[in-house]
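Working notes, structure below.
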2 protein chains.
Amino acid sequence: MSLDPKRTIAELKELRALTCDEHGAQRVAFTPMWVMTRAWLREKLAGLPIETHVDAAGNFWATLRGESDQALLIGGHMDSVPNGGWLDGCLNVMAGVEVLRRINAQYGGKPPITIHLVDWADEEGARFGKSLFGSSACSGKLDMNEARKLKDKAGVSLPDALKGVGVDFERVKECGVELKHAAAYLELHIEQGPVLLDLDLPLGAVLGTFGVERHAITFFGQAAHSGSTPMNRRKDAFLAAGKMSQEIYRIAERNGGVCTIGSCTTKPGIVTSVVEECRITLDQRHLEVQGLARMLAEAKEASERFAVEGNVRVGWERLWQIEPRPFHPALIELCDAAIKETCGKSHRLPSGPLHDAAETSGAGVPTVMMFVQSLHGISHNKIEDTKEEHLELCVRAFDQLATKAMAWVMRL
Amino acid sequence: MSLDPKRTIAELKELRALTCDEHGAQRVAFTPMWVMTRAWLREKLAGLPIETHVDAAGNFWATLRGESDQALLIGGHMDSVPNGGWLDGCLNVMAGVEVLRRINAQYGGKPPITIHLVDWADEEGARFGKSLFGSSACSGKLDMNEARKLKDKAGVSLPDALKGVGVDFERVKECGVELKHAAAYLELHIEQGPVLLDLDLPLGAVLGTFGVERHAITFFGQAAHSGSTPMNRRKDAFLAAGKMSQEIYRIAERNGGVCTIGSCTTKPGIVTSVVEECRITLDQRHLEVQGLARMLAEAKEASERFAVEGNVRVGWERLWQIEPRPFHPALIELCDAAIKETCGKSHRLPSGPLHDAAETSGAGVPTVMMFVQSLHGISHNKIEDTKEEHLELCVRAFDQLATKAMAWVMRL
């Protein structure tokens, strides 16, 4: 039985019919719809000589035992945000199912190394506001004290919700054992941005997930009457904040990352007064620790310079941070090669959003991701889509990558 | 009986004791405190051979009949904002009372021309959000349809509040007759900004009140993920708005006016998204019609340029406008001369805030104002203050100006 990418597309459409309504995909983690989705996934795997189990964090594993315990992992997530896209997460899993079928057929049920397909639990974090739950439990990086306190909108705690699906919160990190023999981790995903669309390329090799520095920056000036205060006497908090709007583009360009000012609020915020206090949020992302640190330092330096220029004060408050998770150089090469062999041209790009692959990489498992073009460059939305020919190409290229990665693991 | 500026200061302190609490002055128009203030003012005028009356709009007039009907008007307002300063408005009236006493004494009760002292009703507009009520009724520029609908926070309409103090709203413009013989109008006021403070000068001659153009400017971009959207693909509404923050300083400097962005709001306004929609308010003020029009045109041009640069759209919405009210050149000269004779050095400056003088000027009455230094450059606040020596100087200089203006009127 050879690889059949059209079957993957048909299965994805079947899943869409089952789990999407007119607003989009509704496979939110730990809900009845998500439980049903997992049952559907088990059906699709029936007939393969595999073992399945759910680990201590609720992640679902399908294992095709090989001659060696050394394992190649293929991962994805069946959960979605509310009103999500039809491909985000499940494309990864269903392509993995097809690759598993091909490997099983090729090696008569006993490949040289072990193959695991994993459906991570609650990648999206839609209900509790904390993404990568299952994979961060597995990597050991989950902050237990923070997670223990998480509640959904109805006031249900994460530990209580987990109990409902048979998971004991206090023991979730025990699933780290699953990575014991992991030699490589592969993940396919729809790009959640427009880079491949702009380049008119179907596929790209992902360099890693961005590290993030997220801050609130507040400029403190002085309220003053808009009519009676000469321009050179003003302590205008909005002037300093406004300068940041352009500066972040220079910082991003100089350092090769991205920077976003997502919100701006002003006090007193009335038409007849110079702005006394202006608060902006700054989100900075970079693939390298040093690059991220440099972008942050440059933004701080610029904010202080603008504060001095405008005779105002500036204060910074960290909202969140995560370090960059660069993928494995050798696997990136293999991914690039698999793409080139499949469709002639590849492109290497970082991932802005986080993925479960960030956690496997953080746990020390050699990791790489492959992106397929998104038609509107948009995700977490029912209009998320990818051309069918690109879906076929991505299953083929991902399968090629699996072949190359198995060979690479065997040479280790 | 010669001019006694110390008496003016003593009377202002007496008024402060009567009408200010720990939060500041509480002489809001049409309230019992304001009615009491007027009664106190009548007491201060007792003993002078004057006629008094309240006109159709509730303005209070004290008239010292002269040999000619040609009249010199001296104006101010006893009303304050809630928690206001102790000098704003009443300094003008009380200095006028002192000038009236001096003229009466000098001419034995019969000056060559008629002198009117006017206490305008509801200059501040604190209760109904519409300033210059009494003077705009007198100038004929009050918008009756707009004013008829005004309500205070308790839902009381302006017409009903006026009824309570004996004023028939539908007849307020009949007070225009008061200006029939008006040949000149003089007003003293505490500066509501820091210009004289910065120059270390006690007094200044006012060139006129600024015209105002007030707009909301909205930039329309596109929301996009802060991690997955390359910088050069963004349609960032905040970037365009931020550029305006600096541009308005260049526009103000080039044209000699003032520009203020007083508020900024962002949508969706979250840390992980490029700003889709950014709305700022722009307040522009200039002493000349052409200058104001140029500043507005330049701001529009700049906003459109920034929109094109950033691949966003821009929309403008006018919130309010008023034309500049330049004062009378000959009277500005006289004011300047009076100041120089009193304290050696003068300075000419425009007024950012509006004053009743804007209405007399708009009605065609030759008008000028004199400013006295404000210690903190701040008004509409209980910390508003002026050095006592400057208060004395302003009464003296204002009296000098009255003498010069009388002579000027007689030469007409």
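Chain identifiers are assigned as A, B, and so on, following the order in which chains appear in the structure tokens; residues are numbered from 1 within each chain, and ligands are numbered from 1 in order of appearance.
Residues with any atom within 10 Å of Val54 of chain B, counting only C-alpha atoms and excluding same-chain neighbours fewer than 6 positions away, are Phe60, Trp61, Ala62, Val118, Asp119, Trp120, Ala121, Gly166, Val167 and Cys175 of chain B.
For segment 159-162 of chain A, the residues within 8 Å (counting only C-alpha atoms, excluding itself and residues fewer than 5 positions away along the chain) are Phe30, Arg148, Val167, Asp168 and Phe169 of chain A.
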Just C-alpha atoms for this one: save the residues we selected as an mmCIF file, in the first residue's frame.
```cif
data_model
loop_
_atom_site.group_PDB
_atom_site.id
_atom_site.type_symbol
_atom_site.label_atom_id
_atom_site.label_comp_id
_atom_site.auth_asym_id
_atom_site.auth_seq_id
_atom_site.Cartn_x
_atom_site.Cartn_y
_atom_site.Cartn_z
ATOM 1 C CA PHE A 30 -11.411 18.253 26.938
ATOM 2 C CA ARG A 148 -2.941 24.592 39.052
ATOM 3 C CA VAL A 167 -6.138 12.812 33.993
ATOM 4 C CA ASP A 168 -4.650 13.425 37.470
ATOM 5 C CA PHE A 169 -3.188 16.931 37.317
#
```
Pull out every residue of chain A sitting within 6 Å of chain B, counting only C-alpha atoms, and send them as an mmCIF file with N, CA and C atoms, in the first residue's frame.
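Once everything was written out, this is iface.cif:
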```
data_model
loop_
_atom_site.group_PDB
_atom_site.id
_atom_site.type_symbol
_atom_site.label_atom_id
_atom_site.label_comp_id
_atom_site.auth_asym_id
_atom_site.auth_seq_id
_atom_site.Cartn_x
_atom_site.Cartn_y
_atom_site.Cartn_z
ATOM 1 N N GLY A 193 0.714 32.473 8.788
ATOM 2 C CA GLY A 193 1.061 33.796 8.289
ATOM 3 C C GLY A 193 1.133 33.748 6.773
ATOM 4 N N SER A 226 -4.600 72.391 25.819
ATOM 5 C CA SER A 226 -4.215 72.332 24.401
ATOM 6 C C SER A 226 -4.100 73.712 23.765
ATOM 7 N N GLY A 227 -4.765 74.708 24.330
ATOM 8 C CA GLY A 227 -4.719 76.039 23.732
ATOM 9 C C GLY A 227 -3.637 76.926 24.312
ATOM 10 N N SER A 228 -3.361 76.784 25.603
ATOM 11 C CA SER A 228 -2.501 77.773 26.262
ATOM 12 C C SER A 228 -1.083 77.286 26.486
ATOM 13 N N THR A 229 -0.776 76.066 26.099
ATOM 14 C CA THR A 229 0.551 75.525 26.378
ATOM 15 C C THR A 229 1.414 75.521 25.116
ATOM 16 N N LEU A 239 3.681 61.876 22.325
ATOM 17 C CA LEU A 239 4.776 62.133 21.375
ATOM 18 C C LEU A 239 5.840 61.046 21.498
ATOM 19 N N GLY A 242 4.455 57.749 20.281
ATOM 20 C CA GLY A 242 4.327 57.763 18.819
ATOM 21 C C GLY A 242 5.651 57.485 18.129
ATOM 22 N N SER A 245 6.405 53.907 17.567
ATOM 23 C CA SER A 245 5.678 53.215 16.494
ATOM 24 C C SER A 245 6.567 52.983 15.280
ATOM 25 N N THR A 260 5.775 44.332 17.621
ATOM 26 C CA THR A 260 4.404 44.803 17.445
ATOM 27 C C THR A 260 3.967 45.654 18.636
ATOM 28 N N GLY A 262 0.659 46.625 20.058
ATOM 29 C CA GLY A 262 -0.705 46.141 19.831
ATOM 30 C C GLY A 262 -1.780 47.020 20.434
ATOM 31 N N SER A 263 -1.410 47.827 21.430
ATOM 32 C CA SER A 263 -2.423 48.682 22.033
ATOM 33 C C SER A 263 -1.805 49.967 22.545
ATOM 34 N N CYS A 264 -2.642 50.991 22.620
ATOM 35 C CA CYS A 264 -2.214 52.302 23.102
ATOM 36 C C CYS A 264 -3.377 52.913 23.873
ATOM 37 N N THR A 265 -3.125 53.315 25.105
ATOM 38 C CA THR A 265 -4.154 54.025 25.863
ATOM 39 C C THR A 265 -3.573 55.334 26.379
ATOM 40 N N THR A 266 -4.451 56.350 26.497
ATOM 41 C CA THR A 266 -4.006 57.688 26.877
ATOM 42 C C THR A 266 -4.819 58.205 28.056
ATOM 43 N N GLY A 269 -6.801 61.603 28.164
ATOM 44 C CA GLY A 269 -7.480 61.112 26.966
ATOM 45 C C GLY A 269 -8.615 62.000 26.503
ATOM 46 N N ILE A 270 -8.465 63.328 26.688
ATOM 47 C CA ILE A 270 -9.505 64.259 26.208
ATOM 48 C C ILE A 270 -8.901 65.176 25.151
ATOM 49 N N VAL A 271 -9.775 65.678 24.311
ATOM 50 C CA VAL A 271 -9.331 66.409 23.120
ATOM 51 C C VAL A 271 -8.584 67.701 23.474
ATOM 52 N N SER A 273 -6.515 68.340 26.072
ATOM 53 C CA SER A 273 -5.357 68.243 26.972
ATOM 54 C C SER A 273 -4.222 67.468 26.337
ATOM 55 N N VAL A 274 -2.999 67.967 26.564
ATOM 56 C CA VAL A 274 -1.811 67.188 26.229
ATOM 57 C C VAL A 274 -1.890 65.879 27.022
ATOM 58 N N VAL A 275 -1.427 64.766 26.425
ATOM 59 C CA VAL A 275 -1.512 63.456 27.077
ATOM 60 C C VAL A 275 -0.533 63.369 28.252
ATOM 61 N N THR A 281 1.675 48.481 24.529
ATOM 62 C CA THR A 281 2.227 47.139 24.733
ATOM 63 C C THR A 281 3.161 46.823 23.579
ATOM 64 N N GLY A 352 6.389 32.326 13.894
ATOM 65 C CA GLY A 352 6.001 33.321 14.890
ATOM 66 C C GLY A 352 5.213 32.678 16.017
ATOM 67 N N PRO A 353 4.126 31.993 15.689
ATOM 68 C CA PRO A 353 3.355 31.338 16.747
ATOM 69 C C PRO A 353 4.139 30.163 17.337
#
```
| request: Using DSSP on the backbone coordinates, identify the residues of segment 277-366 of chain B assigned to alpha helix (DSSP H); present them as a ChimeraX atom specification. | output: /B:289-310,329-343,356-362
| request: Report as an MDAnalysis selection string: the residues of segment 74-315 of chain A with a DSSP assignment of strand (DSSP E), based on the backbone of this structure. | output: chainID A and resid 74:76 113:119 182:190 203:209 211:220 258:267 277:286 313:315
Write out as a Markdown table a residue-level contact list of segment 306-360 of chain B versus segment 399-402 of chain B with cut-off 7 Å: for each qualifying residue the closest pair of atoms and the distance in Å to one decimal, counting only C-alpha atoms, rows sorted by chain and residue number upward.
```
| residue | atom | partner | partner_atom | distance |
| --- | --- | --- | --- | --- |
| B:Leu334 | CA | B:Leu401 | CA | 6.4 |
| B:Cys335 | CA | B:Leu401 | CA | 5.6 |
| B:Ala338 | CA | B:Leu401 | CA | 5.3 |
```
File of the preceding selection, all heavy atoms, as a PDB file, in the first residue's frame:
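Listing of result12.pdb after writing:
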```pdb
ATOM      1  N   LEU B 334      -2.279 100.198  22.602  1.00  0.00           N
ATOM      2  CA  LEU B 334      -2.533 100.905  23.862  1.00  0.00           C
ATOM      3  C   LEU B 334      -2.253 100.004  25.064  1.00  0.00           C
ATOM      4  O   LEU B 334      -1.689 100.442  26.077  1.00  0.00           O
ATOM      5  CB  LEU B 334      -3.984 101.397  23.919  1.00  0.00           C
ATOM      6  CG  LEU B 334      -4.409 102.412  22.850  1.00  0.00           C
ATOM      7  CD1 LEU B 334      -5.853 102.864  23.091  1.00  0.00           C
ATOM      8  CD2 LEU B 334      -3.466 103.625  22.829  1.00  0.00           C
ATOM      9  N   CYS B 335      -2.646  98.741  24.938  1.00  0.00           N
ATOM     10  CA  CYS B 335      -2.436  97.791  26.025  1.00  0.00           C
ATOM     11  C   CYS B 335      -0.941  97.600  26.270  1.00  0.00           C
ATOM     12  O   CYS B 335      -0.467  97.616  27.420  1.00  0.00           O
ATOM     13  CB  CYS B 335      -3.115  96.466  25.666  1.00  0.00           C
ATOM     14  SG  CYS B 335      -3.041  95.239  26.978  1.00  0.00           S
ATOM     15  N   ALA B 338       0.418 100.665  27.951  1.00  0.00           N
ATOM     16  CA  ALA B 338       0.024 100.734  29.372  1.00  0.00           C
ATOM     17  C   ALA B 338       0.892  99.804  30.211  1.00  0.00           C
ATOM     18  O   ALA B 338       1.311 100.149  31.324  1.00  0.00           O
ATOM     19  CB  ALA B 338      -1.452 100.373  29.525  1.00  0.00           C
TER      20      ALA B 338
END
```
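For the residues B:Asp385, B:Glu359, B:Glu277, B:Glu187, ranking by smallest atom-to-atom distance to Gly96 of chain B using only C-alpha atoms places B:Glu187 first.
The smallest atom-to-atom distance between Ala95 of chain A and any of A:Gln70, A:Asn145, A:Ser80, A:Thr8, using only C-alpha atoms, is found for A:Thr8.
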Show me, as a PDB file with C-alpha atoms, in the first residue's frame, the residues that have an atom within 9 Å of Met369 of chain B when counting only C-alpha atoms, minus same-chain residues fewer than 2 positions from it.
```pdb
ATOM      1  CA  TYR B 185     -14.138  96.453  25.219  1.00  0.00           C
ATOM      2  CA  LEU B 186     -11.368  95.726  27.732  1.00  0.00           C
ATOM      3  CA  GLU B 187     -10.802  92.540  29.707  1.00  0.00           C
ATOM      4  CA  LEU B 188      -8.121  91.594  32.201  1.00  0.00           C
ATOM      5  CA  HIS B 189      -7.490  87.908  32.882  1.00  0.00           C
ATOM      6  CA  GLY B 204       1.178  90.758  28.485  1.00  0.00           C
ATOM      7  CA  ALA B 205      -0.982  92.259  25.737  1.00  0.00           C
ATOM      8  CA  VAL B 206      -3.246  89.680  24.117  1.00  0.00           C
ATOM      9  CA  LEU B 207      -3.377  89.529  20.332  1.00  0.00           C
ATOM     10  CA  GLY B 208      -6.680  87.673  20.127  1.00  0.00           C
ATOM     11  CA  PHE B 327      -8.179  91.825  18.764  1.00  0.00           C
ATOM     12  CA  LEU B 331      -6.120  98.730  21.339  1.00  0.00           C
ATOM     13  CA  ILE B 332      -3.310  96.147  21.348  1.00  0.00           C
ATOM     14  CA  CYS B 335      -2.436  97.791  26.025  1.00  0.00           C
ATOM     15  CA  ALA B 357     -13.640  89.081  24.660  1.00  0.00           C
ATOM     16  CA  THR B 367     -11.517  94.639  21.835  1.00  0.00           C
ATOM     17  CA  PHE B 371      -2.958  88.920  30.815  1.00  0.00           C
TER      18      PHE B 371
END
```
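Proximity to Arg127 of chain A was assessed for A:Met406, A:Leu150, A:Ala105, A:Ile322 counting only C-alpha atoms; the smallest distance is recorded for A:Leu150.
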